[in-house]
Every structure is written in structure tokens, then in C-alpha cells.
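Novice: One structure coming up, written as C-alpha cells, with questions to follow.
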Amino acid sequence: MTSVEAVRELLSEFPVVDGHNDLPWALREQVRYDLDARDVAADQSAHLHTDIPRLRAGGVGAQYWSVYVRTDSPDPVAATLEQIDCVRQLIDRHPEELRSALTAADMEAARREGRIASLMGAEGGHSIANSLGTLRGLYGLGVRYLTLTHNDNVDWADSATDKPRSGGLTAFGREVVREMNRLGMLVDLSHVAATTMRDALDASSAPVIFSHSSARAVCDHPRNVPDDVLERLPANGGMAMVTFVPKFVLQAAVDWTAAADENMRAHGFHHLDTTAEAMKVHRAFEERHPRPVATVATVADHLDHMREVAGIDHLGIGGDYDGTAFTPDGLDDVSGYPNLIAELLDRGWSKADLAKLTWKNAVRVLDAAEDVARGLQATRSPSNATIESLDG
């Protein structure tokens, strides 16, 4: 059997569960949720990494749609609700292709039906506005993970890419984790500081996830997971879902990005400025210093390392498509997952290994979180603690 045939056979039985896709945010930014203007039933490769034909070509069987909003949103809760509404509209428009999924059983039902299970994850604790009632409201609307921070600290947790303020989780932050456990909402530790990762593992009685993070030992970026944290995943039962973002997986891209950002600042621009004047400066830098290119093998190197440290039962995939401007060669969009599976087959990963990576681990983790929640709900009432009462 050729590698292509082996990959096709594997993904037909155990399709990819992807932990993080920012299509809803791209639809918000590009067309303000005008789903006729970006009809994902058709090829949208000129505008997006994601559409249904390419999801099918990529062997995707379940997708956590990110309902991300910016940390500086004036009303992050309302903006998050709009993102949730976008996902619901997508599912309603494409019922033959997409199926709403709230549980592990729903994921398996979608697989049997040949539809793409559609789950939601909220990216950043700012989306709950320091309110456990809001957290429960998001769960009631279908959100099945919360990334504790995005790029900036929240009042109760430190981010990987902000100055440390809380030293990890505050008392209220630990209460957020406990309430997520009681609900059955997965604790997502992508984007958080290593101190927050360790505190969350200490506080959580359910498996945690990293919805889109890679290995810090392979690429030294604070968004990635240190080995001592990966080593704790077997005892916790959780999983780390490797991301494809070049500046998180390729050290040369990390170094290039730092130099490009410094060049922007030296010319008086914020490193995220996308005005015409700023982009002229950025393009001139890129002409002098070509951007390093990650490949499928770059991502596979992370998975090889993560398997060695955490074990095959604790790995998954979280590409971050439509949430990054650049992608690795061979993983250009959501049709590219088979290239990664073929690379891993060539490296000696077995069909059983790959079935866990693509499907089984993600389903098991959500199922385990649901099981923990059933036990906690029998003994614990909803928490009405406030950040003022716990953190002062």
C-alpha cells in the first residue's frame, strides 16, 4: 500500500480532530459575518485557509472552532456571543456537512454519519469578564473549552507573552479551573505562562488540553510547552495538540520575527501595525532578510519529541488555521493534514499511533472531562465566588 493510500484509509476511519481554527474571527474581520460573501461550501482559498471542500480533502472529522475575540474588545462577552452565533449559523447553513457537537458521543455520532463534528472553544479568559456565571453561560451555549489567557494577562492568570503579574493562577483563577471541571469544560493551557500551566495542572481534577501549542525544547518560544509540563500529561490524562504556526515551530522563524519586530519599532511603528506605511517598512525588511520557511518535517519533529516526553496517548493536532498569516510548506491550509500523516508514517509511526493522534485522544479527553463533571455535579453546587471575594 502506498503512503497516500494508507493515509486515505486511516483518515476515512479515524479523521482529524483539530483543536483550533479561527475561521469565525476571519469571517468577522473580512465580511462582518456575511456568510454569502464567504460561502464556505465553495473554494475560498483566495481569502481563507478553511472551507468545506478543503476540510474534506484534509480528512477533518471534528473541528473546535475558536470563538476568539481581542483582549481589548470594549465588550468581550458580547463579541464572544457574536462569534458563537457565527458558528451556529455555519452549522445551520451546512447541515449535511457539519454537525453540532457538545459531547464525545456527539463526535462519534458525527463520524458515523460522515459529518464534521463542530465544537467551540473560547480563546482567552477575558471572554468571561471575571464572572463564573458568564463562564456557565458560555458552557450552556456550547463552548467546550476555555483558553485561560490569550496574549495578555487576565486579572486571574498570567499569559506566556505578557509580563508576569500573578505568578500563575490567583485564588480566583483556581476557582475558574474548578468550576470548569464541574461543568465539563476543558481547561486549555495554550497561550498561558508556564507558571499558569503548572498551577492549572495542580488545580484541575480533569484532563487539560493545549489546543494549539508545540514543544519548547524543539523551538524556544514561550507559547510552547516545556518538557516538565509535557511530562505531567500522563498523570493528568490530558493532551497537547501540536500547532503549525511557523514562528512557534521553527527557531529560525522565532529569531526572524524578533528581528522584524525590532525593525518596526526602530522605524516608529508597533510591531503589529498593518497600515500602508508600516507594511512598506516590513516588506523592505523582508526583501533584505527572506522569511525562514517551516515544513511538514518541522512539525513532525515536534510530534516526535512530544511523543517521547508525554507519550502517544497525549498528543493531538491544532493547526491554528485562519489565525496565522503564514503556514508551513505542505500545510498551507486545512487540506494539508494528510501530508503530516504521511510524514509520520514514513518515520515509523504505526496506524494505531496515528489513530490516537488524529481522533482517539481528543475524544477520550472530552469523554473523561464529562465523567469528572458528572461526579463533581453530584457533590458540588455551582460556584458563585467573585474575584473580589477570593483575590481581594
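Each chain in the C-alpha cells gets a letter, A, B and so on, in the order shown; residues start at 1 in every chain, and ligands are counted from 1 in the order they appear.
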Hey, what's within 9 Å of range 108-123 of chain A if we count only C-alpha atoms and toss same-chain stuff fewer than 6 positions away? As JSON, numbers by chain, please?

Specialist: {"A": [13, 14, 15, 17, 19, 20, 55, 56, 60, 61, 62, 63, 64, 65, 66, 67, 68, 69, 80, 84, 87, 91, 95, 96, 97, 98, 99, 100, 101, 102, 138, 142, 143, 144, 145, 146, 147, 148, 149, 150, 186, 188, 190, 191, 211, 363]}

Novice: Name the residues of range 42-241 of chain A that fall into strand (DSSP E or B) according to DSSP on the backbone, using the chain letters and numbers of this document, as a ChimeraX atom specification.

Specialist: /A:60-66,98-100,116-123,143-147,154,157,159,169,186-188,192,208-210,215,225,239-241

Novice: From the list A:Ala352, A:Ala300, A:Tyr33, A:Trp256, which residue is nearest Glu286 in chain A when using only C-alpha atoms?

Specialist: A:Trp256

Novice: Grab the CA of Thr298 in chain A to CA of Pro328 in chain A distance for me, in Å with one decimal place.

Specialist: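 Straight-line distance from CA of Thr298 in chain A to CA of Pro328 in chain A works out to 8.2 Å.
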
Novice: Apply DSSP to the structure's backbone, then extract all residues of range 7-143 of chain A labelled helix (DSSP H, G or I) and return them as a ChimeraX atom specification.

Specialist: /A:7-13,23-31,52-57,76-93,104-113,125-128,132-140

Novice: Could you take the residues named above and write them with C-alpha atoms, as a CSV table (one decimal), in the first residue's frame?

Specialist:
```
chain,number,residue,atom,x,y,z
A,7,VAL,CA,-3.2,7.9,4.7
A,8,ARG,CA,-6.6,7.9,2.9
A,9,GLU,CA,-7.6,4.6,4.6
A,10,LEU,CA,-6.6,5.8,8.0
A,11,LEU,CA,-8.4,9.2,7.8
A,12,SER,CA,-11.5,7.6,6.5
A,13,GLU,CA,-11.7,5.6,9.7
A,23,LEU,CA,-12.5,30.8,10.8
A,24,PRO,CA,-15.2,32.7,12.8
A,25,TRP,CA,-12.8,35.6,13.5
A,26,ALA,CA,-11.7,35.7,9.9
A,27,LEU,CA,-15.3,35.9,8.8
A,28,ARG,CA,-15.9,38.7,11.3
A,29,GLU,CA,-12.9,40.7,10.1
A,30,GLN,CA,-13.3,40.1,6.4
A,31,VAL,CA,-17.0,40.3,5.8
A,52,ILE,CA,-15.7,22.6,3.5
A,53,PRO,CA,-14.2,21.1,0.3
A,54,ARG,CA,-10.7,21.5,1.8
A,55,LEU,CA,-11.8,20.2,5.2
A,56,ARG,CA,-13.0,17.1,3.3
A,57,ALA,CA,-9.8,16.9,1.3
A,76,PRO,CA,-15.7,40.9,25.1
A,77,VAL,CA,-18.7,39.0,26.3
A,78,ALA,CA,-21.0,40.4,23.6
A,79,ALA,CA,-18.3,39.9,20.9
A,80,THR,CA,-17.9,36.3,22.1
A,81,LEU,CA,-21.6,35.7,21.7
A,82,GLU,CA,-21.4,37.0,18.2
A,83,GLN,CA,-18.7,34.5,17.5
A,84,ILE,CA,-20.8,31.7,18.9
A,85,ASP,CA,-23.7,32.9,16.7
A,86,CYS,CA,-21.4,32.7,13.7
A,87,VAL,CA,-20.6,29.1,14.4
A,88,ARG,CA,-24.2,28.3,14.8
A,89,GLN,CA,-25.0,30.0,11.5
A,90,LEU,CA,-22.4,27.9,9.8
A,91,ILE,CA,-23.8,24.7,11.1
A,92,ASP,CA,-27.3,25.7,10.2
A,93,ARG,CA,-26.3,26.6,6.7
A,104,ALA,CA,-17.7,12.9,22.9
A,105,ALA,CA,-20.7,10.8,22.0
A,106,ASP,CA,-21.8,13.6,19.6
A,107,MET,CA,-18.3,13.4,18.0
A,108,GLU,CA,-18.7,9.7,17.4
A,109,ALA,CA,-22.2,10.2,16.0
A,110,ALA,CA,-20.9,12.7,13.5
A,111,ARG,CA,-18.1,10.3,12.5
A,112,ARG,CA,-20.7,7.6,11.8
A,113,GLU,CA,-22.8,10.0,9.8
A,125,GLY,CA,-10.3,34.3,30.0
A,126,HIS,CA,-11.2,37.9,29.1
A,127,SER,CA,-14.3,36.4,27.5
A,128,ILE,CA,-15.9,35.6,30.9
A,132,LEU,CA,-18.3,32.4,36.9
A,133,GLY,CA,-21.9,33.0,35.8
A,134,THR,CA,-20.7,34.1,32.4
A,135,LEU,CA,-18.5,31.0,32.3
A,136,ARG,CA,-21.5,28.8,32.8
A,137,GLY,CA,-23.5,30.8,30.2
A,138,LEU,CA,-20.8,30.1,27.6
A,139,TYR,CA,-20.9,26.4,28.5
A,140,GLY,CA,-24.7,26.5,28.1
```

Novice: Under the rule that only C-alpha atoms are counted, which of A:Ala385, A:Ala284, A:Ala235, A:Val249 is the nearest residue to Asp220 in chain A?

Specialist: A:Val249

Novice: Calculate how many Å separate CA of Gly316 in chain A from CA of Lys356 in chain A, rounding to one decimal.

Specialist: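 According to the coordinates, CA of Gly316 in chain A and CA of Lys356 in chain A are separated by 7.8 Å.
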
Novice: Smallest atom-to-atom distance to Arg347 in chain A: which of A:Ser3, A:Ile209, A:Pro382, A:Arg182, using only C-alpha atoms?

Specialist: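 Nearest to Arg347 in chain A: A:Ser3.
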